[in-house]
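Below is the file upload22.pdb, which contains PDB, C-alpha atoms, pLDDT in the B column.
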ATOM      1  CA  MET A  28       5.887  60.886 -34.899  1.00 56.00           C
ATOM      2  CA  LYS A  29       9.594  60.991 -34.218  1.00 55.00           C
ATOM      3  CA  HIS A  30       8.943  61.284 -30.496  1.00 58.00           C
ATOM      4  CA  ALA A  31       6.659  58.229 -30.613  1.00 59.00           C
ATOM      5  CA  LYS A  32       9.322  56.162 -32.373  1.00 60.00           C
ATOM      6  CA  ARG A  33      11.935  57.250 -29.852  1.00 60.00           C
ATOM      7  CA  ALA A  34       9.614  56.280 -26.987  1.00 57.00           C
ATOM      8  CA  ILE A  35       9.002  52.848 -28.498  1.00 64.00           C
ATOM      9  CA  ARG A  36      12.732  52.286 -28.978  1.00 65.00           C
ATOM     10  CA  PHE A  37      13.400  53.378 -25.401  1.00 55.00           C
ATOM     11  CA  ILE A  38      10.800  50.954 -24.019  1.00 64.00           C
ATOM     12  CA  ALA A  39      12.212  48.142 -26.164  1.00 59.00           C
ATOM     13  CA  VAL A  40      15.716  48.812 -24.824  1.00 52.00           C
ATOM     14  CA  ILE A  41      14.426  48.746 -21.242  1.00 63.00           C
ATOM     15  CA  LEU A  42      12.609  45.442 -21.799  1.00 59.00           C
ATOM     16  CA  ILE A  43      15.679  43.873 -23.372  1.00 60.00           C
ATOM     17  CA  ALA A  44      17.801  45.045 -20.455  1.00 52.00           C
ATOM     18  CA  LEU A  45      15.362  43.621 -17.915  1.00 56.00           C
ATOM     19  CA  ALA A  46      15.224  40.290 -19.730  1.00 56.00           C
ATOM     20  CA  PHE A  47      19.022  40.152 -19.888  1.00 51.00           C
ATOM     21  CA  THR A  48      19.265  40.930 -16.175  1.00 49.00           C
ATOM     22  CA  ALA A  49      16.784  38.150 -15.339  1.00 48.00           C
ATOM     23  CA  CYS A  50      18.762  35.658 -17.419  1.00 47.00           C
ATOM     24  CA  VAL A  51      21.996  36.650 -15.717  1.00 42.00           C
ATOM     25  CA  GLU A  52      20.382  36.207 -12.289  1.00 45.00           C
ATOM     26  CA  VAL A  53      19.106  32.723 -13.211  1.00 45.00           C
ATOM     27  CA  GLU A  54      22.501  31.715 -14.567  1.00 56.00           C
ATOM     28  CA  MET A  55      24.148  32.917 -11.372  1.00 81.00           C
ATOM     29  CA  MET A  56      21.922  30.638  -9.219  1.00 89.00           C
ATOM     30  CA  PRO A  57      23.611  27.282  -8.531  1.00 94.00           C
ATOM     31  CA  ARG A  58      22.007  24.083  -9.757  1.00 95.00           C
ATOM     32  CA  VAL A  59      20.893  21.625  -7.070  1.00 96.00           C
ATOM     33  CA  THR A  60      23.212  18.623  -6.934  1.00 95.00           C
ATOM     34  CA  GLY A  61      23.455  15.294  -5.146  1.00 97.00           C
ATOM     35  CA  SER A  62      20.843  12.588  -4.823  1.00 97.00           C
ATOM     36  CA  VAL A  63      17.681  11.654  -2.938  1.00 98.00           C
ATOM     37  CA  SER A  64      16.483   8.173  -2.029  1.00 98.00           C
ATOM     38  CA  ILE A  65      13.351   6.594  -0.562  1.00 98.00           C
ATOM     39  CA  SER A  66      13.286   4.388   2.538  1.00 98.00           C
ATOM     40  CA  GLY A  67      10.351   2.263   3.606  1.00 98.00           C
ATOM     41  CA  THR A  68       8.270  -0.584   2.185  1.00 97.00           C
ATOM     42  CA  ALA A  69       6.181  -0.051  -0.953  1.00 98.00           C
ATOM     43  CA  GLN A  70       3.114  -1.626   0.596  1.00 96.00           C
ATOM     44  CA  VAL A  71      -0.348  -0.257   1.330  1.00 95.00           C
ATOM     45  CA  GLY A  72      -0.468   1.458   4.708  1.00 92.00           C
ATOM     46  CA  GLN A  73       3.316   1.781   5.024  1.00 95.00           C
ATOM     47  CA  PRO A  74       5.132   5.148   5.251  1.00 97.00           C
ATOM     48  CA  LEU A  75       7.830   6.153   2.768  1.00 98.00           C
ATOM     49  CA  THR A  76      10.490   8.729   3.660  1.00 98.00           C
ATOM     50  CA  ALA A  77      12.621  10.901   1.371  1.00 98.00           C
ATOM     51  CA  ASN A  78      16.266  10.747   2.438  1.00 98.00           C
ATOM     52  CA  THR A  79      18.085  13.968   1.517  1.00 97.00           C
ATOM     53  CA  GLU A  80      21.370  13.458   3.372  1.00 96.00           C
ATOM     54  CA  ARG A  81      23.188  13.305   0.020  1.00 96.00           C
ATOM     55  CA  LEU A  82      21.427  16.301  -1.497  1.00 97.00           C
ATOM     56  CA  GLY A  83      23.867  19.099  -2.324  1.00 93.00           C
ATOM     57  CA  SER A  84      23.657  22.879  -1.968  1.00 88.00           C
ATOM     58  CA  SER A  85      21.663  24.636   0.735  1.00 91.00           C
ATOM     59  CA  GLY A  86      18.198  26.102   1.172  1.00 95.00           C
ATOM     60  CA  SER A  87      14.789  24.813   2.167  1.00 96.00           C
ATOM     61  CA  ILE A  88      13.683  21.601   0.423  1.00 97.00           C
ATOM     62  CA  SER A  89      10.374  21.061  -1.364  1.00 97.00           C
ATOM     63  CA  TYR A  90       9.020  17.598  -2.156  1.00 97.00           C
ATOM     64  CA  GLN A  91       6.781  16.196  -4.879  1.00 97.00           C
ATOM     65  CA  TRP A  92       5.740  12.540  -4.608  1.00 98.00           C
ATOM     66  CA  ARG A  93       4.520  10.787  -7.739  1.00 98.00           C
ATOM     67  CA  ARG A  94       2.716   7.563  -8.622  1.00 98.00           C
ATOM     68  CA  GLY A  95       4.103   6.974 -12.083  1.00 95.00           C
ATOM     69  CA  THR A  96       3.611  10.417 -13.617  1.00 94.00           C
ATOM     70  CA  THR A  97       0.727  11.442 -11.333  1.00 96.00           C
ATOM     71  CA  ASN A  98       1.380  13.865  -8.466  1.00 97.00           C
ATOM     72  CA  VAL A  99       0.148  12.253  -5.242  1.00 96.00           C
ATOM     73  CA  GLY A 100       1.998  13.756  -2.287  1.00 81.00           C
ATOM     74  CA  THR A 101       1.961  17.143  -0.653  1.00 78.00           C
ATOM     75  CA  ASN A 102       5.084  19.087   0.257  1.00 88.00           C
ATOM     76  CA  SER A 103       6.246  16.636   2.911  1.00 95.00           C
ATOM     77  CA  SER A 104       9.277  14.407   3.368  1.00 97.00           C
ATOM     78  CA  ASN A 105       6.905  11.488   4.098  1.00 97.00           C
ATOM     79  CA  TYR A 106       4.217   9.721   2.086  1.00 97.00           C
ATOM     80  CA  THR A 107       1.868   6.945   3.215  1.00 96.00           C
ATOM     81  CA  VAL A 108       1.174   4.349   0.528  1.00 96.00           C
ATOM     82  CA  ASN A 109      -2.534   3.782  -0.206  1.00 94.00           C
ATOM     83  CA  PHE A 110      -4.726   1.427  -2.243  1.00 93.00           C
ATOM     84  CA  ASN A 111      -4.603   3.692  -5.313  1.00 96.00           C
ATOM     85  CA  ASP A 112      -0.853   3.047  -5.536  1.00 97.00           C
ATOM     86  CA  VAL A 113      -1.150  -0.745  -5.942  1.00 96.00           C
ATOM     87  CA  GLY A 114       0.547  -1.899  -9.140  1.00 96.00           C
ATOM     88  CA  SER A 115       2.573   1.315  -9.539  1.00 98.00           C
ATOM     89  CA  SER A 116       5.974   2.566  -8.364  1.00 98.00           C
ATOM     90  CA  ILE A 117       6.560   5.710  -6.308  1.00 98.00           C
ATOM     91  CA  THR A 118       9.204   8.424  -6.791  1.00 98.00           C
ATOM     92  CA  VAL A 119       9.957  11.704  -5.070  1.00 98.00           C
ATOM     93  CA  THR A 120      11.361  14.823  -6.741  1.00 97.00           C
ATOM     94  CA  VAL A 121      12.988  17.516  -4.625  1.00 97.00           C
ATOM     95  CA  THR A 122      13.881  21.137  -5.308  1.00 97.00           C
ATOM     96  CA  ARG A 123      15.854  23.547  -3.142  1.00 97.00           C
ATOM     97  CA  SER A 124      15.308  27.270  -2.626  1.00 96.00           C
ATOM     98  CA  GLY A 125      18.090  29.387  -4.102  1.00 95.00           C
ATOM     99  CA  ASN A 126      18.907  26.659  -6.620  1.00 97.00           C
ATOM    100  CA  THR A 127      17.741  25.741 -10.089  1.00 96.00           C
ATOM    101  CA  GLY A 128      16.744  22.287 -11.280  1.00 96.00           C
ATOM    102  CA  SER A 129      15.557  19.274  -9.305  1.00 97.00           C
ATOM    103  CA  VAL A 130      16.650  15.797  -8.238  1.00 98.00           C
ATOM    104  CA  THR A 131      14.437  12.694  -8.543  1.00 98.00           C
ATOM    105  CA  SER A 132      14.820   9.452  -6.636  1.00 98.00           C
ATOM    106  CA  ALA A 133      14.879   5.967  -8.104  1.00 98.00           C
ATOM    107  CA  LYS A 134      11.530   4.181  -8.314  1.00 98.00           C
ATOM    108  CA  THR A 135      10.349   2.041  -5.435  1.00 98.00           C
ATOM    109  CA  ALA A 136       9.312  -1.533  -6.029  1.00 98.00           C
ATOM    110  CA  VAL A 137       5.792  -1.940  -7.397  1.00 98.00           C
ATOM    111  CA  VAL A 138       3.311  -1.292  -4.582  1.00 98.00           C
ATOM    112  CA  THR A 139       1.610  -4.410  -3.226  1.00 96.00           C
ATOM    113  CA  LEU A 140      -1.077  -5.235  -0.703  1.00 96.00           C
ATOM    114  CA  PRO A 141       0.131  -6.405   2.726  1.00 95.00           C
ATOM    115  CA  ALA A 142       0.215 -10.149   3.395  1.00 95.00           C
ATOM    116  CA  LEU A 143      -2.429 -11.445   5.777  1.00 97.00           C
ATOM    117  CA  THR A 144      -0.955 -12.373   9.154  1.00 96.00           C
ATOM    118  CA  GLY A 145      -2.113 -13.856  12.432  1.00 98.00           C
ATOM    119  CA  SER A 146      -4.087 -17.007  13.116  1.00 98.00           C
ATOM    120  CA  VAL A 147      -7.627 -18.380  13.314  1.00 98.00           C
ATOM    121  CA  SER A 148      -9.052 -21.250  15.346  1.00 98.00           C
ATOM    122  CA  ILE A 149     -12.226 -23.307  15.497  1.00 98.00           C
ATOM    123  CA  SER A 150     -14.403 -23.606  18.584  1.00 98.00           C
ATOM    124  CA  GLY A 151     -17.117 -26.212  19.051  1.00 98.00           C
ATOM    125  CA  THR A 152     -17.379 -30.004  18.953  1.00 97.00           C
ATOM    126  CA  ALA A 153     -16.737 -31.889  15.725  1.00 97.00           C
ATOM    127  CA  GLN A 154     -19.866 -34.013  15.890  1.00 97.00           C
ATOM    128  CA  VAL A 155     -22.832 -34.343  13.558  1.00 97.00           C
ATOM    129  CA  GLY A 156     -25.392 -31.648  14.337  1.00 96.00           C
ATOM    130  CA  GLN A 157     -22.967 -29.473  16.304  1.00 97.00           C
ATOM    131  CA  THR A 158     -22.052 -25.939  15.187  1.00 98.00           C
ATOM    132  CA  LEU A 159     -18.414 -24.959  14.692  1.00 98.00           C
ATOM    133  CA  THR A 160     -17.410 -21.288  14.918  1.00 98.00           C
ATOM    134  CA  VAL A 161     -14.277 -19.560  13.665  1.00 98.00           C
ATOM    135  CA  ASP A 162     -12.342 -17.365  16.084  1.00 98.00           C
ATOM    136  CA  THR A 163     -10.586 -14.461  14.279  1.00 98.00           C
ATOM    137  CA  TRP A 164      -9.390 -12.475  17.311  1.00 96.00           C
ATOM    138  CA  ASN A 165      -5.753 -13.159  16.428  1.00 97.00           C
ATOM    139  CA  LEU A 166      -6.131 -12.401  12.714  1.00 98.00           C
ATOM    140  CA  GLY A 167      -4.016  -9.481  11.477  1.00 95.00           C
ATOM    141  CA  GLY A 168      -4.816  -6.752   8.979  1.00 90.00           C
ATOM    142  CA  SER A 169      -8.140  -5.037   8.417  1.00 88.00           C
ATOM    143  CA  GLY A 170     -10.989  -5.396   5.973  1.00 93.00           C
ATOM    144  CA  THR A 171     -13.894  -7.747   5.332  1.00 97.00           C
ATOM    145  CA  ILE A 172     -13.255 -11.402   6.173  1.00 98.00           C
ATOM    146  CA  SER A 173     -14.321 -14.274   3.897  1.00 98.00           C
ATOM    147  CA  TYR A 174     -14.551 -17.899   5.047  1.00 98.00           C
ATOM    148  CA  GLN A 175     -14.140 -21.312   3.432  1.00 97.00           C
ATOM    149  CA  TRP A 176     -14.918 -24.387   5.516  1.00 98.00           C
ATOM    150  CA  ARG A 177     -13.449 -27.607   4.205  1.00 97.00           C
ATOM    151  CA  ARG A 178     -14.079 -31.269   4.841  1.00 97.00           C
ATOM    152  CA  GLY A 179     -10.924 -33.358   4.697  1.00 90.00           C
ATOM    153  CA  GLY A 180      -8.156 -30.885   5.588  1.00 78.00           C
ATOM    154  CA  ASN A 181      -6.624 -27.944   3.749  1.00 75.00           C
ATOM    155  CA  TRP A 182      -7.323 -29.296   0.251  1.00 80.00           C
ATOM    156  CA  GLY A 183     -10.655 -30.929   0.978  1.00 88.00           C
ATOM    157  CA  THR A 184     -14.128 -30.140  -0.295  1.00 94.00           C
ATOM    158  CA  ILE A 185     -15.527 -26.678   0.439  1.00 95.00           C
ATOM    159  CA  VAL A 186     -18.651 -27.198   2.535  1.00 97.00           C
ATOM    160  CA  GLY A 187     -19.463 -23.702   3.860  1.00 96.00           C
ATOM    161  CA  THR A 188     -18.690 -19.994   3.472  1.00 97.00           C
ATOM    162  CA  ASN A 189     -20.244 -18.473   6.609  1.00 97.00           C
ATOM    163  CA  TRP A 190     -18.543 -17.576   9.899  1.00 97.00           C
ATOM    164  CA  ASN A 191     -19.943 -20.812  11.383  1.00 98.00           C
ATOM    165  CA  TYR A 192     -20.612 -24.331  10.121  1.00 98.00           C
ATOM    166  CA  THR A 193     -22.982 -27.075  11.267  1.00 98.00           C
ATOM    167  CA  VAL A 194     -21.385 -30.516  11.038  1.00 98.00           C
ATOM    168  CA  GLU A 195     -23.222 -32.911   8.697  1.00 96.00           C
ATOM    169  CA  SER A 196     -23.367 -36.670   8.379  1.00 96.00           C
ATOM    170  CA  ALA A 197     -21.242 -36.370   5.207  1.00 96.00           C
ATOM    171  CA  ASP A 198     -18.411 -35.117   7.439  1.00 96.00           C
ATOM    172  CA  VAL A 199     -18.169 -38.399   9.390  1.00 97.00           C
ATOM    173  CA  GLY A 200     -14.653 -39.806   9.099  1.00 96.00           C
ATOM    174  CA  SER A 201     -13.141 -36.453   8.101  1.00 96.00           C
ATOM    175  CA  SER A 202     -11.704 -33.459   9.943  1.00 97.00           C
ATOM    176  CA  ILE A 203     -12.821 -29.862   9.343  1.00 97.00           C
ATOM    177  CA  THR A 204     -10.737 -26.733   8.707  1.00 97.00           C
ATOM    178  CA  VAL A 205     -11.569 -23.129   7.915  1.00 97.00           C
ATOM    179  CA  THR A 206      -9.525 -20.826   5.664  1.00 97.00           C
ATOM    180  CA  VAL A 207     -10.007 -17.054   5.845  1.00 98.00           C
ATOM    181  CA  THR A 208      -9.033 -14.218   3.521  1.00 98.00           C
ATOM    182  CA  ARG A 209      -9.337 -10.476   4.155  1.00 97.00           C
ATOM    183  CA  SER A 210     -10.024  -7.664   1.712  1.00 95.00           C
ATOM    184  CA  GLY A 211      -7.032  -5.388   1.285  1.00 92.00           C
ATOM    185  CA  ASN A 212      -4.601  -8.219   2.043  1.00 95.00           C
ATOM    186  CA  THR A 213      -2.931 -10.965   0.064  1.00 95.00           C
ATOM    187  CA  GLY A 214      -2.782 -14.620   1.051  1.00 96.00           C
ATOM    188  CA  SER A 215      -4.902 -16.540   3.506  1.00 97.00           C
ATOM    189  CA  VAL A 216      -4.766 -18.100   6.970  1.00 97.00           C
ATOM    190  CA  THR A 217      -5.992 -21.631   7.738  1.00 97.00           C
ATOM    191  CA  SER A 218      -6.961 -23.079  11.100  1.00 97.00           C
ATOM    192  CA  ALA A 219      -5.729 -26.318  12.583  1.00 96.00           C
ATOM    193  CA  GLN A 220      -7.875 -29.366  11.797  1.00 96.00           C
ATOM    194  CA  THR A 221     -10.609 -30.428  14.154  1.00 97.00           C
ATOM    195  CA  ALA A 222     -10.758 -33.965  15.478  1.00 96.00           C
ATOM    196  CA  VAL A 223     -12.140 -36.495  13.000  1.00 97.00           C
ATOM    197  CA  VAL A 224     -15.936 -36.342  13.021  1.00 97.00           C
ATOM    198  CA  PRO A 225     -17.195 -39.613  14.620  1.00 96.00           C
ATOM    199  CA  HIS A 226     -20.321 -41.614  13.855  1.00 92.00           C
ATOM    200  CA  PRO A 227     -23.219 -40.435  16.017  1.00 84.00           C
ATOM    201  CA  ALA A 228     -23.648 -42.423  19.221  1.00 75.00           C
ATOM    202  CA  LEU A 229     -26.499 -44.949  19.144  1.00 68.00           C
ATOM    203  CA  THR A 230     -29.398 -43.845  21.342  1.00 68.00           C
ATOM    204  CA  GLY A 231     -32.688 -45.306  22.523  1.00 63.00           C
ATOM    205  CA  PHE A 232     -33.673 -48.544  24.326  1.00 63.00           C
ATOM    206  CA  GLN A 233     -33.088 -52.173  23.445  1.00 62.00           C
TER     207      GLN A 233
END
Final structure tokens representation of the file:
Amino acid sequence: MKHAKRAIRFIAVILIALAFTACVEVEMMPRVTGSVSISGTAQVGQPLTANTERLGSSGSISYQWRRGTTNVGTNSSNYTVNFNDVGSSITVTVTRSGNTGSVTSAKTAVVTLPALTGSVSISGTAQVGQTLTVDTWNLGGSGTISYQWRRGGNWGTIVGTNWNYTVESADVGSSITVTVTRSGNTGSVTSAQTAVVPHPALTGFQ
């Protein structure tokens, strides 16, 4: 019995010594210092980069990108903003081998969708019965395109929502425009106005 108690005491002493040694080793490790910042635009499709020029100490750096409190990035100094990030801010937390603690960047601006860029134009003749078609070759961004044809300029009556529009008699005396939007983008792009739709030419014999 005495031998068992001595063995237990001996094991306890060893464990305490090991724990003390581990604590001493942790305390002897320096704490990572300095700061980290994020460069780039907080917009879907844009890359963000962790700048560690002002990070103190030495050792390899590990990165953790977060959307709010959710981990989103792998161990990389770069992160590409995606649609899931819209409405949230992004941060990056870095650690350094051989150091304790971590350093977290300031939040980015709230992530937004990119603004729609480029231009659209209308081909065809602005005459009753003729078909007008929208040309989107110079439209920027990506995603599904939606159309709004208007009679009477940019703030006129919406008369069609397809990629083409057949001019009607109600359009006589007005010009036609088309406004396009694109999924995954903010804003819209509007074409120039067509010529004013004339009255149909009189045909037949006298």
- Message: Quick one: residues within 10 Å of range 58-72 of chain A, all atoms listed in the file, excluding same-chain residues fewer than 2 positions away - as a PyMOL selection string?
- Response: chain A and resi 53-56+74-86+104-113+115-142+211-212
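The space between CA of Ser169 in chain A and CA of Asn181 in chain A spans 23.4 Å.
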- Query: Which residues fall under the PyMOL selection byres ((chain A and resi 162) around 7) in this file, as a ChimeraX atom specification?
  - Reply: /A:147-149,160-161,163-164
- Contacts of Thr193 in chain A within 10 Å, only C-alpha atoms, excl. fewer than 6 positions in-chain, as number ranges by chain: A: 151-160, 186-187
- Query: What does the distance from CA of Val207 in chain A to CA of Ser173 in chain A come to in Å, to one decimal?
  - Reply: 5.5 Å
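Of the listed residues A:Ser201, A:Gln91, A:Thr144, A:Gln73, the one whose atoms come nearest to Thr213 in chain A is A:Thr144, with distances taken using only C-alpha atoms.
Among the candidate residues A:Ser196, A:Ser89, A:Asn102, A:Thr171, the one lying nearest to Thr208 in chain A is A:Thr171, with distances computed using all atoms listed in the file.
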- Note on the structure: Using all atoms listed in the file, the residue out of A:Asn165, A:Asn191, A:Ser218, A:Ser150 with shortest distance to Thr206 in chain A is A:Ser218
- Nearest residue to Pro225 in chain A from the set A:Pro57, A:Leu143, A:Ser210, A:Ser202 (distances using all atoms listed in the file): A:Ser202
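Put simply, CA of Gly180 in chain A is 17.7 Å away from CA of Gly214 in chain A.
Restricting the calculation to all atoms listed in the file, the smallest distance between Gly145 in chain A and any of A:Gly168, A:Asp198, A:Gly114, A:Arg178 is found for A:Gly168.
Shortest separation to Tyr90 in chain A among A:Ala197, A:Thr188, A:Ser103, A:Thr217 occurs at residue A:Ser103, atoms counted being only C-alpha atoms.
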When you get a chance, write out N, CA and C atoms for range 60-93 of chain A, as a PDB file, in the frame of the given file.
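File result_22.pdb, as written:
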ATOM      1  N   THR A  60      22.421  19.809  -6.619  1.00 95.00           N
ATOM      2  CA  THR A  60      23.212  18.623  -6.934  1.00 95.00           C
ATOM      3  C   THR A  60      22.941  17.536  -5.899  1.00 95.00           C
ATOM      4  N   GLY A  61      23.582  16.393  -6.089  1.00 97.00           N
ATOM      5  CA  GLY A  61      23.455  15.294  -5.146  1.00 97.00           C
ATOM      6  C   GLY A  61      22.346  14.338  -5.532  1.00 97.00           C
ATOM      7  N   SER A  62      21.863  13.596  -4.547  1.00 97.00           N
ATOM      8  CA  SER A  62      20.843  12.588  -4.823  1.00 97.00           C
ATOM      9  C   SER A  62      19.848  12.505  -3.671  1.00 97.00           C
ATOM     10  N   VAL A  63      18.711  11.910  -3.950  1.00 98.00           N
ATOM     11  CA  VAL A  63      17.681  11.654  -2.938  1.00 98.00           C
ATOM     12  C   VAL A  63      17.228  10.210  -3.091  1.00 98.00           C
ATOM     13  N   SER A  64      16.932   9.564  -1.996  1.00 98.00           N
ATOM     14  CA  SER A  64      16.483   8.173  -2.029  1.00 98.00           C
ATOM     15  C   SER A  64      15.238   8.017  -1.170  1.00 98.00           C
ATOM     16  N   ILE A  65      14.576   6.874  -1.311  1.00 98.00           N
ATOM     17  CA  ILE A  65      13.351   6.594  -0.562  1.00 98.00           C
ATOM     18  C   ILE A  65      13.581   5.392   0.335  1.00 98.00           C
ATOM     19  N   SER A  66      13.239   5.526   1.616  1.00 98.00           N
ATOM     20  CA  SER A  66      13.286   4.388   2.538  1.00 98.00           C
ATOM     21  C   SER A  66      11.865   4.019   2.930  1.00 98.00           C
ATOM     22  N   GLY A  67      11.681   2.756   3.256  1.00 98.00           N
ATOM     23  CA  GLY A  67      10.351   2.263   3.606  1.00 98.00           C
ATOM     24  C   GLY A  67       9.938   1.145   2.677  1.00 98.00           C
ATOM     25  N   THR A  68       8.786   0.553   2.949  1.00 97.00           N
ATOM     26  CA  THR A  68       8.270  -0.584   2.185  1.00 97.00           C
ATOM     27  C   THR A  68       7.125  -0.127   1.296  1.00 97.00           C
ATOM     28  N   ALA A  69       7.218  -0.448   0.009  1.00 98.00           N
ATOM     29  CA  ALA A  69       6.181  -0.051  -0.953  1.00 98.00           C
ATOM     30  C   ALA A  69       4.979  -0.971  -0.815  1.00 98.00           C
ATOM     31  N   GLN A  70       4.247  -0.772   0.264  1.00 96.00           N
ATOM     32  CA  GLN A  70       3.114  -1.626   0.596  1.00 96.00           C
ATOM     33  C   GLN A  70       2.008  -0.759   1.189  1.00 96.00           C
ATOM     34  N   VAL A  71       0.779  -1.069   0.865  1.00 95.00           N
ATOM     35  CA  VAL A  71      -0.348  -0.257   1.330  1.00 95.00           C
ATOM     36  C   VAL A  71      -0.310  -0.094   2.848  1.00 95.00           C
ATOM     37  N   GLY A  72      -0.457   1.157   3.283  1.00 92.00           N
ATOM     38  CA  GLY A  72      -0.468   1.458   4.708  1.00 92.00           C
ATOM     39  C   GLY A  72       0.889   1.769   5.291  1.00 92.00           C
ATOM     40  N   GLN A  73       1.957   1.557   4.522  1.00 95.00           N
ATOM     41  CA  GLN A  73       3.316   1.781   5.024  1.00 95.00           C
ATOM     42  C   GLN A  73       3.807   3.186   4.656  1.00 95.00           C
ATOM     43  N   PRO A  74       4.603   3.811   5.548  1.00 97.00           N
ATOM     44  CA  PRO A  74       5.132   5.148   5.251  1.00 97.00           C
ATOM     45  C   PRO A  74       6.436   5.067   4.454  1.00 97.00           C
ATOM     46  N   LEU A  75       6.587   5.980   3.512  1.00 98.00           N
ATOM     47  CA  LEU A  75       7.830   6.153   2.768  1.00 98.00           C
ATOM     48  C   LEU A  75       8.448   7.479   3.189  1.00 98.00           C
ATOM     49  N   THR A  76       9.780   7.525   3.241  1.00 98.00           N
ATOM     50  CA  THR A  76      10.490   8.729   3.660  1.00 98.00           C
ATOM     51  C   THR A  76      11.535   9.104   2.624  1.00 98.00           C
ATOM     52  N   ALA A  77      11.598  10.392   2.288  1.00 98.00           N
ATOM     53  CA  ALA A  77      12.621  10.901   1.371  1.00 98.00           C
ATOM     54  C   ALA A  77      13.888  11.186   2.158  1.00 98.00           C
ATOM     55  N   ASN A  78      14.979  10.532   1.786  1.00 98.00           N
ATOM     56  CA  ASN A  78      16.266  10.747   2.438  1.00 98.00           C
ATOM     57  C   ASN A  78      17.078  11.749   1.623  1.00 98.00           C
ATOM     58  N   THR A  79      17.392  12.894   2.238  1.00 97.00           N
ATOM     59  CA  THR A  79      18.085  13.968   1.517  1.00 97.00           C
ATOM     60  C   THR A  79      19.486  14.230   2.069  1.00 97.00           C
ATOM     61  N   GLU A  80      20.035  13.257   2.799  1.00 96.00           N
ATOM     62  CA  GLU A  80      21.370  13.458   3.372  1.00 96.00           C
ATOM     63  C   GLU A  80      22.429  13.703   2.295  1.00 96.00           C
ATOM     64  N   ARG A  81      22.210  13.161   1.098  1.00 96.00           N
ATOM     65  CA  ARG A  81      23.188  13.305   0.020  1.00 96.00           C
ATOM     66  C   ARG A  81      22.795  14.378  -0.986  1.00 96.00           C
ATOM     67  N   LEU A  82      21.825  15.198  -0.623  1.00 97.00           N
ATOM     68  CA  LEU A  82      21.427  16.301  -1.497  1.00 97.00           C
ATOM     69  C   LEU A  82      22.393  17.455  -1.305  1.00 97.00           C
ATOM     70  N   GLY A  83      22.896  18.016  -2.417  1.00 93.00           N
ATOM     71  CA  GLY A  83      23.867  19.099  -2.324  1.00 93.00           C
ATOM     72  C   GLY A  83      23.228  20.462  -2.142  1.00 93.00           C
ATOM     73  N   SER A  84      24.066  21.470  -2.092  1.00 88.00           N
ATOM     74  CA  SER A  84      23.657  22.879  -1.968  1.00 88.00           C
ATOM     75  C   SER A  84      23.021  23.146  -0.615  1.00 88.00           C
ATOM     76  N   SER A  85      22.330  24.265  -0.510  1.00 91.00           N
ATOM     77  CA  SER A  85      21.663  24.636   0.735  1.00 91.00           C
ATOM     78  C   SER A  85      20.356  25.331   0.394  1.00 91.00           C
ATOM     79  N   GLY A  86      19.513  25.503   1.388  1.00 95.00           N
ATOM     80  CA  GLY A  86      18.198  26.102   1.172  1.00 95.00           C
ATOM     81  C   GLY A  86      17.101  25.136   1.555  1.00 95.00           C
ATOM     82  N   SER A  87      15.909  25.662   1.772  1.00 96.00           N
ATOM     83  CA  SER A  87      14.789  24.813   2.167  1.00 96.00           C
ATOM     84  C   SER A  87      14.407  23.872   1.031  1.00 96.00           C
ATOM     85  N   ILE A  88      13.981  22.648   1.402  1.00 97.00           N
ATOM     86  CA  ILE A  88      13.683  21.601   0.423  1.00 97.00           C
ATOM     87  C   ILE A  88      12.178  21.484   0.219  1.00 97.00           C
ATOM     88  N   SER A  89      11.771  21.332  -1.019  1.00 97.00           N
ATOM     89  CA  SER A  89      10.374  21.061  -1.364  1.00 97.00           C
ATOM     90  C   SER A  89      10.286  19.667  -1.988  1.00 97.00           C
ATOM     91  N   TYR A  90       9.173  18.994  -1.731  1.00 97.00           N
ATOM     92  CA  TYR A  90       9.020  17.598  -2.156  1.00 97.00           C
ATOM     93  C   TYR A  90       7.787  17.427  -3.040  1.00 97.00           C
ATOM     94  N   GLN A  91       7.928  16.575  -4.055  1.00 97.00           N
ATOM     95  CA  GLN A  91       6.781  16.196  -4.879  1.00 97.00           C
ATOM     96  C   GLN A  91       6.801  14.677  -5.083  1.00 97.00           C
ATOM     97  N   TRP A  92       5.855  13.989  -4.462  1.00 98.00           N
ATOM     98  CA  TRP A  92       5.740  12.540  -4.608  1.00 98.00           C
ATOM     99  C   TRP A  92       4.894  12.231  -5.832  1.00 98.00           C
ATOM    100  N   ARG A  93       5.264  11.163  -6.537  1.00 98.00           N
ATOM    101  CA  ARG A  93       4.520  10.787  -7.739  1.00 98.00           C
ATOM    102  C   ARG A  93       4.258   9.278  -7.783  1.00 98.00           C
TER     103      ARG A  93
END
